[in-house]
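Here is the structure we will look at, set down as structure tokens.
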Amino acid sequence: MGDPAAEGGAGASAVGPADGADGADGGTIGSEVPNSGDGSPDIGDAAPEGPRAPNPADGRHEPGDADDEGGPGEVEEEIAAQRELRARIEKRKAERGGPIESGGKLSGKAADLLAAVRAVESGDAAGSEFFDAAPPEPRRPVPVPPPAPATPVRATAHAPEATPETVAAVRAVLVRGGAPEALASQVAETLGESAAELLADDPWQLLSVPGVRPEQADGFARALLGDACGPGDKRRARALVTWLLERAALQGHTAQDASAVRAALAERTVPDPDEAVRQAVADGAVLVFQEGVEDEQETKPVTVLLGLDRYAMAEESLADGLARLVRTGPSDDWEGPELVRAAGAHGLVVHTGGEAARAEPVDLGVRARARGLRAVVATHGENGSRRLGAEAGAVTVPALLSGAAGPGRDEDGALALDLLVVLDAPQLDVETAAILVESMPDGSRLVLSGDPGVLGSAGAGRVFGDVIAARVCPQIASRTPDPGPLGELVSGIGVGELNQVPAPEKEIVIVPVRDAGEAVHRTVQLVADSVPRAIGVPADRTQVITVGHGGPAGTRALNAALKQRLNPGPGRFGGFDPGDRVAYAQAPGRTLTCTVVSADAEGLHLDCEGTRTVVPKERVASEVRHGWALTAHQAAGMRWPAVVVVLPRDAAQGLSRPWVYTAFGRAERHLSVVHGVDQALARTVAEVPGAERTTRLRSLLEALLATGPGS
């Protein structure tokens, strides 16, 4: 078979219909990670079959999949920080008697739900008291103990494992109910020391374990309870409401329309969905909110939302923190480019632009340090920091929060800085953003910078998009375009146009394929031979990106074929060999691309962007996968010299404009498109903008900063 790069030809680079790409059907490729925000199944839709718990290295959001890194104990520090944040939020929630205001007073079904919430959270408080709490006064973050110093070799940190006695007790309950014994450790870690008793009393608690489906929990409950349970069991209804909202969070939503939840419950044969929702609210399993306004003068659409307190409280804390920065921000007159002037005069600024525009916020950090300010530039992961160069002095957000890098904390527990510039801001999920903003001292400056066209965060929320939509701070749009044919192509995709782009140096090559089998064959040929020979980029600097993990052209099939060609071996270290390229899901929302070095009793030794990391052997199976091929969500926030995007014919249904924009935009010098979707690619770019996420941050910000500065 010929040289794909040569077949593309100089100048033959228009990404459009591929001749001969209408061949045999391929297998089904699974959808991108559940929290994709690009057309993934919404609440109540059918999900993939099988009881297998999601693998973080798959890119499924458990614990997550996006970019990078941290130091030893970094994950443990983040867990502690999240616990501290939630404790502060719960205290504030108790002081207010309810969630922060998000809309007007409730009526109808919303009032019924509110009454249930009142009974649990507000005692005899009236509905107006529940929703009309005044915004909090600006405050300093609660002191956080400084973390322990980092050590050179990084290892995974996790919450303490359950005791053998707890696991054994849970295993006995699982066996009685006919559930797999292998779930015992997960159940024990999820439910805690009383896991066995909780599970025996309420078998639907099994749904809190990632990967367990309602039908499996129903079977388990029938085996344990017999005739004492049924479709209308209150325990089942409560667990299903929570499960639906957790599943929605995997798709990026922080809340869901109550009507959608009721419809999904009806599909799950819950006899009285309204009562199930009311009971879940009364039990404190979920919170209720209202979006929109309804009064005598003006009627606007009113939506009743349900949410888990984990995300609802994080959004409220984030809104409070951003409002605090806006209110306490400085008003200095700085000379320089537009971004510099805006940052001098405001506590919160948004900056948008592509890869080349990243130089602007980096320059802001340099100028701020020249003024004697403590300025920090933070990226989503190590790949992003590497692209800026050592002179930028960038740190990762996880390393900054844990204290492994950056300025550390001051005596009040706040980050010891005056200006924080966050690049790759679209990758911030609401919980990480809340912790970050809570850590900012009063009077400091925060600049959120990123490309609004890329796929959103692996975790729940739409932080960057919501801040932009709320228009509560200056917004600086970069005028610096990404250069060359790749920049022109990706810029066109961002506005819904798939343009013919001349590529005289073979910057863009189209490789037509008829089916998934040919797509895999051509991909291997490109990575192993054509791109190194014709473009000069070695295989270890070329990244493959595809739509999903399953199917004959998903990451699993592609990684198997690429390993066979690039680094064949018996997989003697838990399926891996020295030299294997792997994707390591170190923590929620962060995927590292690494190379296997060795293995011993301590675990699997990896080289991750120049940093040695050890993955404990008991975590290898769940956190490490081969990584020659990734999904676009895993690749977000990272770039490589050469990228091969694989689009077999059956991938069309998993595409959206943000997906194409993100995948094509990962290439620095060369992009090969293994193209089998024919006209569907152009239609996707023009007509499929991506699924919206249901979040509350925008309305919260608008309510808190109704008279705040616009752009």
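Residues are referred to by chain and number: the chain letter is A, B, ... according to the order shown in the structure tokens, the number counts from 1 in that chain, and ligands are numbered separately from 1 in the order shown.
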Looking only at the backbone, which of the residues in stretch 446-574 of chain A does DSSP tag as alpha helix (DSSP H), as a PyMOL selection string?
chain A and resi 463-470+484-494+516-525+555-566
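Omitting A:Met638 and its sequence neighbours fewer than 5 positions away, and counting only C-alpha atoms, the residues within 8 Å are Asp67, Gly381, Asn383, Gly384 and Arg666 of chain A.
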Show me, as a ChimeraX atom specification, the residues that have an atom within 10 Å of stretch 337-340 of chain A when counting only C-alpha atoms, minus same-chain residues fewer than 2 positions from it.
/A:333-335,342-345,349-351,360-361,363-365,367-368,447,474-478
Pick out the closest residue to A:Gly637 from this set: A:Leu701, A:Leu455, A:Ala651, A:Ala686. Count only C-alpha atoms.
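For A:Gly637, the nearest of the candidates is A:Leu455.
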To one decimal in Å, tell me the separation between atom CA of A:Leu224 and atom CA of A:Arg171.
13.4 Å
Within 12 Å of stretch 596-598 of chain A, counting only C-alpha atoms, which residues show up once you throw out same-chain ones fewer than 6 positions away? Write them as number ranges by chain, please.
A: 567, 571-584, 604-615, 617, 620, 624-627
Please provide the set of residues having any atom within 12 Å of stretch 489-504 of chain A, restricted to only C-alpha atoms, with same-chain residues fewer than 3 positions apart removed, written as a short mmCIF file (atom, residue, chain, number, x, y, z; two decimals) with all heavy atoms, in the first residue's frame.
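And here is the file that came out, out-v2.cif:
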```cif
data_model
loop_
_atom_site.label_atom_id
_atom_site.label_comp_id
_atom_site.auth_asym_id
_atom_site.auth_seq_id
_atom_site.Cartn_x
_atom_site.Cartn_y
_atom_site.Cartn_z
N GLY A 8 -1.29 12.05 0.10
CA GLY A 8 -1.98 13.29 0.36
C GLY A 8 -1.52 14.36 -0.59
O GLY A 8 -2.30 15.12 -1.14
N GLY A 9 -0.21 14.39 -0.82
CA GLY A 9 0.33 15.32 -1.80
C GLY A 9 0.39 16.74 -1.31
O GLY A 9 -0.42 17.20 -0.56
N ALA A 10 1.40 17.44 -1.77
CA ALA A 10 1.49 18.85 -1.45
C ALA A 10 0.31 19.57 -2.05
O ALA A 10 0.00 19.44 -3.22
CB ALA A 10 2.81 19.42 -1.97
N GLY A 11 -0.32 20.38 -1.22
CA GLY A 11 -1.45 21.16 -1.70
C GLY A 11 -2.75 20.40 -1.73
O GLY A 11 -3.80 21.00 -1.82
N ALA A 12 -2.72 19.06 -1.64
CA ALA A 12 -3.96 18.28 -1.67
C ALA A 12 -4.46 18.11 -0.26
O ALA A 12 -4.60 17.02 0.25
CB ALA A 12 -3.71 16.93 -2.32
N SER A 13 -4.74 19.23 0.38
CA SER A 13 -4.94 19.18 1.82
C SER A 13 -6.32 19.61 2.29
O SER A 13 -6.54 19.76 3.46
CB SER A 13 -3.90 20.06 2.51
OG SER A 13 -4.02 21.37 2.04
N ALA A 14 -7.24 19.84 1.39
CA ALA A 14 -8.56 20.28 1.83
C ALA A 14 -9.22 19.19 2.63
O ALA A 14 -9.33 18.06 2.19
CB ALA A 14 -9.42 20.65 0.63
N VAL A 15 -9.67 19.52 3.83
CA VAL A 15 -10.36 18.54 4.66
C VAL A 15 -11.80 18.54 4.22
O VAL A 15 -12.60 19.36 4.61
CB VAL A 15 -10.24 18.89 6.14
CG1 VAL A 15 -10.93 17.85 6.98
CG2 VAL A 15 -8.79 19.01 6.53
N GLY A 16 -12.16 17.61 3.40
CA GLY A 16 -13.51 17.54 2.87
C GLY A 16 -13.82 16.12 2.51
O GLY A 16 -13.23 15.18 3.00
N PRO A 17 -14.76 15.90 1.59
CA PRO A 17 -15.12 14.55 1.22
C PRO A 17 -13.92 13.78 0.70
O PRO A 17 -13.15 14.29 -0.09
CB PRO A 17 -16.18 14.74 0.14
CG PRO A 17 -16.32 16.19 -0.06
CD PRO A 17 -15.49 16.92 0.90
N GLY A 353 -8.35 33.32 23.12
CA GLY A 353 -7.48 33.23 21.95
C GLY A 353 -6.97 31.82 21.78
O GLY A 353 -7.22 30.94 22.61
N GLY A 354 -6.27 31.58 20.68
CA GLY A 354 -5.74 30.27 20.37
C GLY A 354 -4.36 30.05 20.96
O GLY A 354 -3.94 30.72 21.91
N GLU A 355 -3.62 29.11 20.35
CA GLU A 355 -2.31 28.73 20.88
C GLU A 355 -1.34 29.89 20.86
O GLU A 355 -0.63 30.14 21.85
CB GLU A 355 -1.76 27.56 20.07
CG GLU A 355 -0.41 27.05 20.53
CD GLU A 355 -0.44 26.36 21.88
OE1 GLU A 355 -1.54 26.02 22.36
OE2 GLU A 355 0.65 26.15 22.47
N ALA A 356 -1.28 30.63 19.76
CA ALA A 356 -0.33 31.74 19.67
C ALA A 356 -0.65 32.84 20.67
O ALA A 356 0.25 33.55 21.16
CB ALA A 356 -0.32 32.31 18.25
N ASP A 451 -9.10 29.08 25.05
CA ASP A 451 -9.78 29.03 23.76
C ASP A 451 -11.19 28.53 23.99
O ASP A 451 -11.40 27.37 24.32
CB ASP A 451 -9.02 28.10 22.82
CG ASP A 451 -9.54 28.14 21.40
OD1 ASP A 451 -10.69 28.59 21.20
OD2 ASP A 451 -8.80 27.75 20.48
N PRO A 452 -12.21 29.37 23.82
CA PRO A 452 -13.58 28.94 24.10
C PRO A 452 -14.12 27.92 23.12
O PRO A 452 -15.19 27.34 23.35
CB PRO A 452 -14.38 30.25 24.02
CG PRO A 452 -13.56 31.15 23.17
CD PRO A 452 -12.13 30.79 23.43
N GLY A 453 -13.39 27.64 22.04
CA GLY A 453 -13.88 26.68 21.05
C GLY A 453 -13.58 25.23 21.36
O GLY A 453 -14.13 24.33 20.72
N VAL A 454 -12.72 24.96 22.35
CA VAL A 454 -12.32 23.58 22.62
C VAL A 454 -13.36 22.87 23.47
O VAL A 454 -14.25 23.49 24.05
CB VAL A 454 -10.94 23.53 23.31
CG1 VAL A 454 -9.87 24.17 22.45
CG2 VAL A 454 -11.01 24.19 24.68
N LEU A 455 -13.24 21.55 23.55
CA LEU A 455 -14.09 20.77 24.43
C LEU A 455 -13.93 21.23 25.88
O LEU A 455 -12.85 21.65 26.29
CB LEU A 455 -13.73 19.29 24.33
CG LEU A 455 -14.11 18.57 23.04
CD1 LEU A 455 -13.44 17.21 22.98
CD2 LEU A 455 -15.62 18.42 22.91
N THR A 480 -4.23 37.86 17.90
CA THR A 480 -3.08 37.10 17.40
C THR A 480 -3.55 35.77 16.82
O THR A 480 -3.99 34.89 17.56
CB THR A 480 -2.07 36.82 18.54
OG1 THR A 480 -1.70 38.05 19.15
CG2 THR A 480 -0.84 36.11 18.00
N PRO A 481 -3.49 35.59 15.50
CA PRO A 481 -3.96 34.33 14.90
C PRO A 481 -2.92 33.23 15.02
O PRO A 481 -1.71 33.50 15.11
CB PRO A 481 -4.19 34.71 13.44
CG PRO A 481 -3.15 35.77 13.18
CD PRO A 481 -3.01 36.54 14.48
N ASP A 482 -3.38 32.00 15.04
CA ASP A 482 -2.45 30.88 14.95
C ASP A 482 -1.92 30.81 13.53
O ASP A 482 -2.68 30.90 12.56
CB ASP A 482 -3.15 29.57 15.32
CG ASP A 482 -3.42 29.47 16.82
OD1 ASP A 482 -2.73 30.16 17.58
OD2 ASP A 482 -4.34 28.72 17.21
N PRO A 483 -0.62 30.64 13.36
CA PRO A 483 -0.01 30.77 12.03
C PRO A 483 -0.14 29.53 11.17
O PRO A 483 -0.45 28.43 11.66
CB PRO A 483 1.46 31.03 12.37
CG PRO A 483 1.67 30.27 13.65
CD PRO A 483 0.39 30.40 14.42
N GLY A 484 0.13 29.71 9.86
CA GLY A 484 0.27 28.61 8.92
C GLY A 484 -1.03 27.94 8.53
O GLY A 484 -2.12 28.33 8.98
N PRO A 485 -0.94 26.92 7.72
CA PRO A 485 -2.13 26.20 7.26
C PRO A 485 -2.94 25.59 8.40
O PRO A 485 -4.17 25.61 8.37
CB PRO A 485 -1.55 25.11 6.35
CG PRO A 485 -0.24 25.65 5.89
CD PRO A 485 0.29 26.44 7.04
N LEU A 486 -2.26 25.06 9.41
CA LEU A 486 -2.99 24.47 10.53
C LEU A 486 -3.80 25.53 11.28
O LEU A 486 -4.96 25.31 11.64
CB LEU A 486 -2.03 23.77 11.49
CG LEU A 486 -1.51 22.41 11.04
CD1 LEU A 486 -0.35 21.95 11.91
CD2 LEU A 486 -2.62 21.38 11.06
N GLU A 507 1.62 20.13 5.64
CA GLU A 507 1.19 20.36 7.01
C GLU A 507 -0.12 19.63 7.29
O GLU A 507 -0.39 19.26 8.45
CB GLU A 507 1.00 21.85 7.27
CG GLU A 507 2.28 22.67 7.21
CD GLU A 507 2.53 23.23 5.82
OE1 GLU A 507 1.94 22.74 4.84
OE2 GLU A 507 3.33 24.17 5.71
N ILE A 508 -0.95 19.45 6.25
CA ILE A 508 -2.23 18.76 6.40
C ILE A 508 -2.34 17.72 5.30
O ILE A 508 -2.16 18.04 4.12
CB ILE A 508 -3.41 19.75 6.30
CG1 ILE A 508 -3.22 20.92 7.27
CG2 ILE A 508 -4.73 19.03 6.57
CD1 ILE A 508 -4.16 22.09 7.00
N VAL A 509 -2.63 16.51 5.70
CA VAL A 509 -2.75 15.41 4.73
C VAL A 509 -4.03 14.64 5.00
O VAL A 509 -4.35 14.33 6.16
CB VAL A 509 -1.53 14.46 4.81
CG1 VAL A 509 -1.77 13.21 3.99
CG2 VAL A 509 -0.28 15.18 4.34
N ILE A 510 -4.78 14.35 3.96
CA ILE A 510 -6.01 13.58 4.07
C ILE A 510 -5.77 12.17 3.55
O ILE A 510 -5.24 11.98 2.45
CB ILE A 510 -7.15 14.22 3.26
CG1 ILE A 510 -7.30 15.70 3.64
CG2 ILE A 510 -8.46 13.47 3.49
CD1 ILE A 510 -7.51 15.94 5.10
N SER A 656 -18.71 16.52 16.83
CA SER A 656 -19.31 17.83 16.97
C SER A 656 -18.24 18.84 16.57
O SER A 656 -17.06 18.51 16.43
CB SER A 656 -19.75 18.08 18.41
OG SER A 656 -18.62 18.17 19.26
N ARG A 657 -18.65 20.09 16.39
CA ARG A 657 -17.67 21.11 16.02
C ARG A 657 -16.58 21.25 17.10
O ARG A 657 -15.39 21.29 16.76
CB ARG A 657 -18.35 22.46 15.80
CG ARG A 657 -17.37 23.55 15.30
CD ARG A 657 -18.06 24.90 15.30
NE ARG A 657 -19.27 24.86 14.52
CZ ARG A 657 -20.31 25.66 14.71
NH1 ARG A 657 -20.28 26.55 15.69
NH2 ARG A 657 -21.38 25.57 13.96
N PRO A 658 -16.93 21.31 18.40
CA PRO A 658 -15.87 21.38 19.41
C PRO A 658 -14.93 20.18 19.37
O PRO A 658 -13.73 20.31 19.63
CB PRO A 658 -16.63 21.46 20.74
CG PRO A 658 -17.97 22.03 20.37
CD PRO A 658 -18.27 21.48 19.02
N TRP A 659 -15.49 18.99 19.07
CA TRP A 659 -14.62 17.81 19.00
C TRP A 659 -13.61 17.95 17.86
O TRP A 659 -12.41 17.73 18.05
CB TRP A 659 -15.46 16.54 18.79
CG TRP A 659 -14.68 15.28 19.02
CD1 TRP A 659 -14.64 14.53 20.15
CD2 TRP A 659 -13.78 14.65 18.09
NE1 TRP A 659 -13.78 13.47 19.98
CE2 TRP A 659 -13.23 13.51 18.73
CE3 TRP A 659 -13.38 14.92 16.78
CZ2 TRP A 659 -12.31 12.67 18.12
CZ3 TRP A 659 -12.45 14.08 16.17
CH2 TRP A 659 -11.93 12.96 16.83
N VAL A 660 -14.09 18.32 16.68
CA VAL A 660 -13.19 18.47 15.53
C VAL A 660 -12.19 19.59 15.79
O VAL A 660 -10.99 19.44 15.51
CB VAL A 660 -14.00 18.76 14.25
CG1 VAL A 660 -13.07 18.98 13.06
CG2 VAL A 660 -14.97 17.61 13.95
N TYR A 661 -12.67 20.70 16.33
CA TYR A 661 -11.79 21.84 16.63
C TYR A 661 -10.68 21.42 17.60
O TYR A 661 -9.51 21.76 17.40
CB TYR A 661 -12.64 22.95 17.24
CG TYR A 661 -11.92 24.24 17.51
CD1 TYR A 661 -11.85 25.23 16.53
CD2 TYR A 661 -11.35 24.50 18.76
CE1 TYR A 661 -11.21 26.44 16.79
CE2 TYR A 661 -10.70 25.70 19.01
CZ TYR A 661 -10.64 26.67 18.03
OH TYR A 661 -10.00 27.85 18.29
N THR A 662 -11.06 20.67 18.64
CA THR A 662 -10.08 20.23 19.64
C THR A 662 -9.10 19.24 19.04
O THR A 662 -7.88 19.37 19.21
CB THR A 662 -10.79 19.60 20.84
OG1 THR A 662 -11.69 20.55 21.41
CG2 THR A 662 -9.80 19.15 21.90
N ALA A 663 -9.60 18.22 18.34
CA ALA A 663 -8.73 17.19 17.80
C ALA A 663 -7.74 17.75 16.78
O ALA A 663 -6.54 17.51 16.85
CB ALA A 663 -9.57 16.08 17.18
N PHE A 664 -8.25 18.53 15.82
CA PHE A 664 -7.38 19.10 14.80
C PHE A 664 -6.40 20.11 15.39
O PHE A 664 -5.29 20.27 14.90
CB PHE A 664 -8.21 19.77 13.71
CG PHE A 664 -8.91 18.80 12.77
CD1 PHE A 664 -9.12 17.47 13.13
CD2 PHE A 664 -9.38 19.23 11.55
CE1 PHE A 664 -9.77 16.59 12.28
CE2 PHE A 664 -10.03 18.36 10.68
CZ PHE A 664 -10.22 17.04 11.05
N GLY A 665 -6.83 20.78 16.45
CA GLY A 665 -5.98 21.81 17.05
C GLY A 665 -4.87 21.28 17.93
O GLY A 665 -4.08 22.07 18.45
N ARG A 666 -4.77 19.95 18.11
CA ARG A 666 -3.69 19.40 18.93
C ARG A 666 -2.38 19.33 18.15
O ARG A 666 -1.33 19.06 18.74
CB ARG A 666 -4.04 17.99 19.42
CG ARG A 666 -5.27 17.84 20.31
CD ARG A 666 -5.36 18.84 21.42
NE ARG A 666 -6.09 20.03 21.00
CZ ARG A 666 -5.96 21.24 21.54
NH1 ARG A 666 -5.10 21.43 22.51
NH2 ARG A 666 -6.66 22.26 21.10
N ALA A 667 -2.40 19.57 16.84
CA ALA A 667 -1.20 19.42 16.01
C ALA A 667 -0.41 20.73 15.95
O ALA A 667 -0.99 21.80 15.70
CB ALA A 667 -1.60 18.99 14.60
N GLU A 668 0.89 20.64 16.17
CA GLU A 668 1.76 21.81 16.09
C GLU A 668 2.35 21.99 14.69
O GLU A 668 2.39 23.11 14.17
CB GLU A 668 2.91 21.68 17.10
CG GLU A 668 2.45 21.70 18.55
CD GLU A 668 3.58 21.46 19.52
OE1 GLU A 668 4.60 20.84 19.13
OE2 GLU A 668 3.45 21.87 20.69
N ARG A 669 2.81 20.90 14.07
CA ARG A 669 3.46 21.00 12.76
C ARG A 669 2.74 20.25 11.67
O ARG A 669 2.74 20.68 10.51
CB ARG A 669 4.90 20.45 12.86
CG ARG A 669 5.85 21.30 13.65
CD ARG A 669 7.19 20.60 13.83
NE ARG A 669 7.70 20.05 12.56
CZ ARG A 669 8.70 19.16 12.48
NH1 ARG A 669 9.29 18.73 13.60
NH2 ARG A 669 9.09 18.71 11.31
N HIS A 670 2.15 19.11 12.02
CA HIS A 670 1.55 18.27 10.98
C HIS A 670 0.27 17.61 11.48
O HIS A 670 0.20 17.14 12.63
CB HIS A 670 2.53 17.18 10.53
CG HIS A 670 1.90 16.19 9.61
ND1 HIS A 670 1.69 16.44 8.27
CD2 HIS A 670 1.40 14.94 9.83
CE1 HIS A 670 1.10 15.39 7.71
NE2 HIS A 670 0.91 14.48 8.64
N LEU A 671 -0.73 17.56 10.59
CA LEU A 671 -1.99 16.88 10.88
C LEU A 671 -2.33 15.93 9.74
O LEU A 671 -2.42 16.35 8.59
CB LEU A 671 -3.13 17.90 11.03
CG LEU A 671 -4.55 17.34 11.11
CD1 LEU A 671 -4.75 16.58 12.42
CD2 LEU A 671 -5.58 18.47 10.98
N SER A 672 -2.49 14.65 10.07
CA SER A 672 -3.03 13.67 9.12
C SER A 672 -4.44 13.32 9.57
O SER A 672 -4.67 13.06 10.76
CB SER A 672 -2.17 12.40 9.08
OG SER A 672 -1.00 12.61 8.33
N GLN A 679 -19.11 13.34 3.74
CA GLN A 679 -19.65 14.68 3.92
C GLN A 679 -20.03 14.98 5.36
O GLN A 679 -20.30 16.14 5.69
CB GLN A 679 -20.89 14.86 3.03
CG GLN A 679 -20.61 14.75 1.54
CD GLN A 679 -19.89 15.98 1.01
OE1 GLN A 679 -19.79 16.98 1.72
NE2 GLN A 679 -19.38 15.91 -0.20
N ALA A 680 -20.07 13.97 6.21
CA ALA A 680 -20.49 14.19 7.60
C ALA A 680 -19.55 15.14 8.33
O ALA A 680 -19.98 15.85 9.25
CB ALA A 680 -20.56 12.86 8.35
N LEU A 681 -18.29 15.18 7.94
CA LEU A 681 -17.34 16.06 8.63
C LEU A 681 -17.70 17.52 8.39
O LEU A 681 -17.77 18.32 9.33
CB LEU A 681 -15.92 15.77 8.17
CG LEU A 681 -14.82 16.58 8.85
CD1 LEU A 681 -14.84 16.36 10.36
CD2 LEU A 681 -13.45 16.24 8.27
N ALA A 682 -17.93 17.89 7.15
CA ALA A 682 -18.30 19.28 6.84
C ALA A 682 -19.63 19.64 7.48
O ALA A 682 -19.80 20.75 8.00
CB ALA A 682 -18.35 19.48 5.33
N ARG A 683 -20.60 18.72 7.46
CA ARG A 683 -21.89 18.99 8.07
C ARG A 683 -21.75 19.18 9.58
O ARG A 683 -22.38 20.06 10.17
CB ARG A 683 -22.88 17.84 7.79
CG ARG A 683 -23.43 17.83 6.38
CD ARG A 683 -24.66 16.94 6.31
NE ARG A 683 -24.37 15.56 6.67
CZ ARG A 683 -23.98 14.62 5.82
NH1 ARG A 683 -23.82 14.91 4.53
NH2 ARG A 683 -23.73 13.39 6.24
N THR A 684 -20.91 18.35 10.20
CA THR A 684 -20.69 18.48 11.64
C THR A 684 -20.12 19.84 11.99
O THR A 684 -20.59 20.52 12.92
CB THR A 684 -19.74 17.37 12.13
OG1 THR A 684 -20.38 16.11 12.00
CG2 THR A 684 -19.35 17.59 13.58
N VAL A 685 -19.10 20.25 11.27
CA VAL A 685 -18.47 21.54 11.55
C VAL A 685 -19.46 22.69 11.37
O VAL A 685 -19.48 23.65 12.15
CB VAL A 685 -17.24 21.73 10.64
CG1 VAL A 685 -16.71 23.16 10.73
CG2 VAL A 685 -16.13 20.75 11.02
N ALA A 686 -20.32 22.60 10.37
CA ALA A 686 -21.26 23.68 10.08
C ALA A 686 -22.49 23.66 10.97
O ALA A 686 -23.03 24.72 11.30
CB ALA A 686 -21.68 23.62 8.61
N GLU A 687 -22.94 22.46 11.39
CA GLU A 687 -24.28 22.35 11.95
C GLU A 687 -24.36 21.77 13.37
O GLU A 687 -25.43 21.80 13.97
CB GLU A 687 -25.15 21.47 11.03
CG GLU A 687 -25.25 21.99 9.61
CD GLU A 687 -25.94 21.01 8.68
OE1 GLU A 687 -26.44 19.97 9.19
OE2 GLU A 687 -25.97 21.27 7.46
N VAL A 688 -23.27 21.22 13.90
CA VAL A 688 -23.34 20.57 15.21
C VAL A 688 -22.43 21.31 16.20
O VAL A 688 -21.26 20.98 16.34
CB VAL A 688 -22.94 19.08 15.13
CG1 VAL A 688 -23.16 18.38 16.47
CG2 VAL A 688 -23.69 18.38 14.02
N PRO A 689 -22.98 22.34 16.87
CA PRO A 689 -22.14 23.16 17.74
C PRO A 689 -21.74 22.49 19.04
O PRO A 689 -20.91 23.00 19.78
CB PRO A 689 -23.03 24.38 18.02
CG PRO A 689 -24.42 23.85 17.90
CD PRO A 689 -24.37 22.81 16.81
N GLY A 690 -22.31 21.34 19.35
CA GLY A 690 -21.99 20.66 20.61
C GLY A 690 -23.10 20.86 21.63
O GLY A 690 -23.83 21.86 21.61
#
```
Kindly indicate which residue among A:Leu655, A:Met313, A:Ala587, A:Ala458 lies nearest to A:Ser622, using only C-alpha atoms for the distances.
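Of A:Leu655, A:Met313, A:Ala587, A:Ala458, the one nearest A:Ser622, counting only C-alpha atoms, is A:Ala587.
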Which residue, A:Pro538, A:Pro648, A:Pro568, A:Gly408, has the smallest gap to A:Ala519 when you use only C-alpha atoms?
A:Pro648
Would you mind listing, for every residue of stretch 253-352 of chain A within 9 Å of stretch 702-707 of chain A, the two atoms forming the shortest contact and the distance between them in Å to one decimal, using only C-alpha atoms, sorted by chain and ascending residue number, as JSON lines?
```
{"residue": "A:Ala319", "atom": "CA", "partner": "A:Leu704", "partner_atom": "CA", "distance": 7.8}
{"residue": "A:Asp320", "atom": "CA", "partner": "A:Leu704", "partner_atom": "CA", "distance": 7.8}
{"residue": "A:Ala323", "atom": "CA", "partner": "A:Leu705", "partner_atom": "CA", "distance": 6.7}
{"residue": "A:Val326", "atom": "CA", "partner": "A:Leu705", "partner_atom": "CA", "distance": 8.5}
{"residue": "A:Arg327", "atom": "CA", "partner": "A:Leu705", "partner_atom": "CA", "distance": 8.9}
```
Which residues are close to A:Leu245, i.e. within 9 Å by only C-alpha atoms, leaving aside same-chain residues fewer than 4 positions away? Reply as a ChimeraX atom specification.
/A:43,240-241,249-250,253-256,261,286,306-308
Requested write-out: N, CA and C atoms of the selected residues, as an mmCIF file, in the first residue's frame:
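Result file result_7.cif:
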```cif
data_model
loop_
_atom_site.group_PDB
_atom_site.id
_atom_site.type_symbol
_atom_site.label_atom_id
_atom_site.label_comp_id
_atom_site.auth_asym_id
_atom_site.auth_seq_id
_atom_site.Cartn_x
_atom_site.Cartn_y
_atom_site.Cartn_z
ATOM 1 N N ILE A 43 -29.437 12.855 30.300
ATOM 2 C CA ILE A 43 -30.069 12.152 31.404
ATOM 3 C C ILE A 43 -31.233 11.298 30.912
ATOM 4 N N LEU A 240 -32.166 6.224 42.614
ATOM 5 C CA LEU A 240 -32.224 6.514 41.182
ATOM 6 C C LEU A 240 -32.097 8.008 40.903
ATOM 7 N N VAL A 241 -32.732 8.834 41.736
ATOM 8 C CA VAL A 241 -32.601 10.280 41.543
ATOM 9 C C VAL A 241 -31.135 10.686 41.653
ATOM 10 N N ALA A 249 -23.705 14.548 35.834
ATOM 11 C CA ALA A 249 -22.439 15.210 36.150
ATOM 12 C C ALA A 249 -21.300 14.650 35.313
ATOM 13 N N LEU A 250 -21.359 13.366 34.992
ATOM 14 C CA LEU A 250 -20.338 12.774 34.126
ATOM 15 C C LEU A 250 -20.379 13.383 32.732
ATOM 16 N N HIS A 253 -22.897 18.298 33.457
ATOM 17 C CA HIS A 253 -23.954 19.104 34.058
ATOM 18 C C HIS A 253 -23.769 19.205 35.573
ATOM 19 N N THR A 254 -24.030 20.381 36.121
ATOM 20 C CA THR A 254 -24.038 20.529 37.569
ATOM 21 C C THR A 254 -25.449 20.471 38.124
ATOM 22 N N ALA A 255 -26.449 20.502 37.260
ATOM 23 C CA ALA A 255 -27.851 20.412 37.665
ATOM 24 C C ALA A 255 -28.642 19.876 36.481
ATOM 25 N N GLN A 256 -29.887 19.477 36.761
ATOM 26 C CA GLN A 256 -30.752 18.982 35.697
ATOM 27 C C GLN A 256 -32.162 19.526 35.899
ATOM 28 N N VAL A 261 -35.607 14.804 35.040
ATOM 29 C CA VAL A 261 -35.388 13.773 36.053
ATOM 30 C C VAL A 261 -36.649 12.933 36.224
ATOM 31 N N VAL A 286 -30.896 15.512 47.319
ATOM 32 C CA VAL A 286 -30.653 16.483 46.254
ATOM 33 C C VAL A 286 -31.159 17.844 46.720
ATOM 34 N N LEU A 306 -32.701 20.470 39.688
ATOM 35 C CA LEU A 306 -32.259 19.619 40.787
ATOM 36 C C LEU A 306 -30.753 19.430 40.672
ATOM 37 N N GLY A 307 -30.085 19.390 41.814
ATOM 38 C CA GLY A 307 -28.645 19.207 41.781
ATOM 39 C C GLY A 307 -28.136 18.516 43.031
ATOM 40 N N LEU A 308 -26.974 17.904 42.905
ATOM 41 C CA LEU A 308 -26.301 17.314 44.055
ATOM 42 C C LEU A 308 -25.575 18.417 44.820
#
```
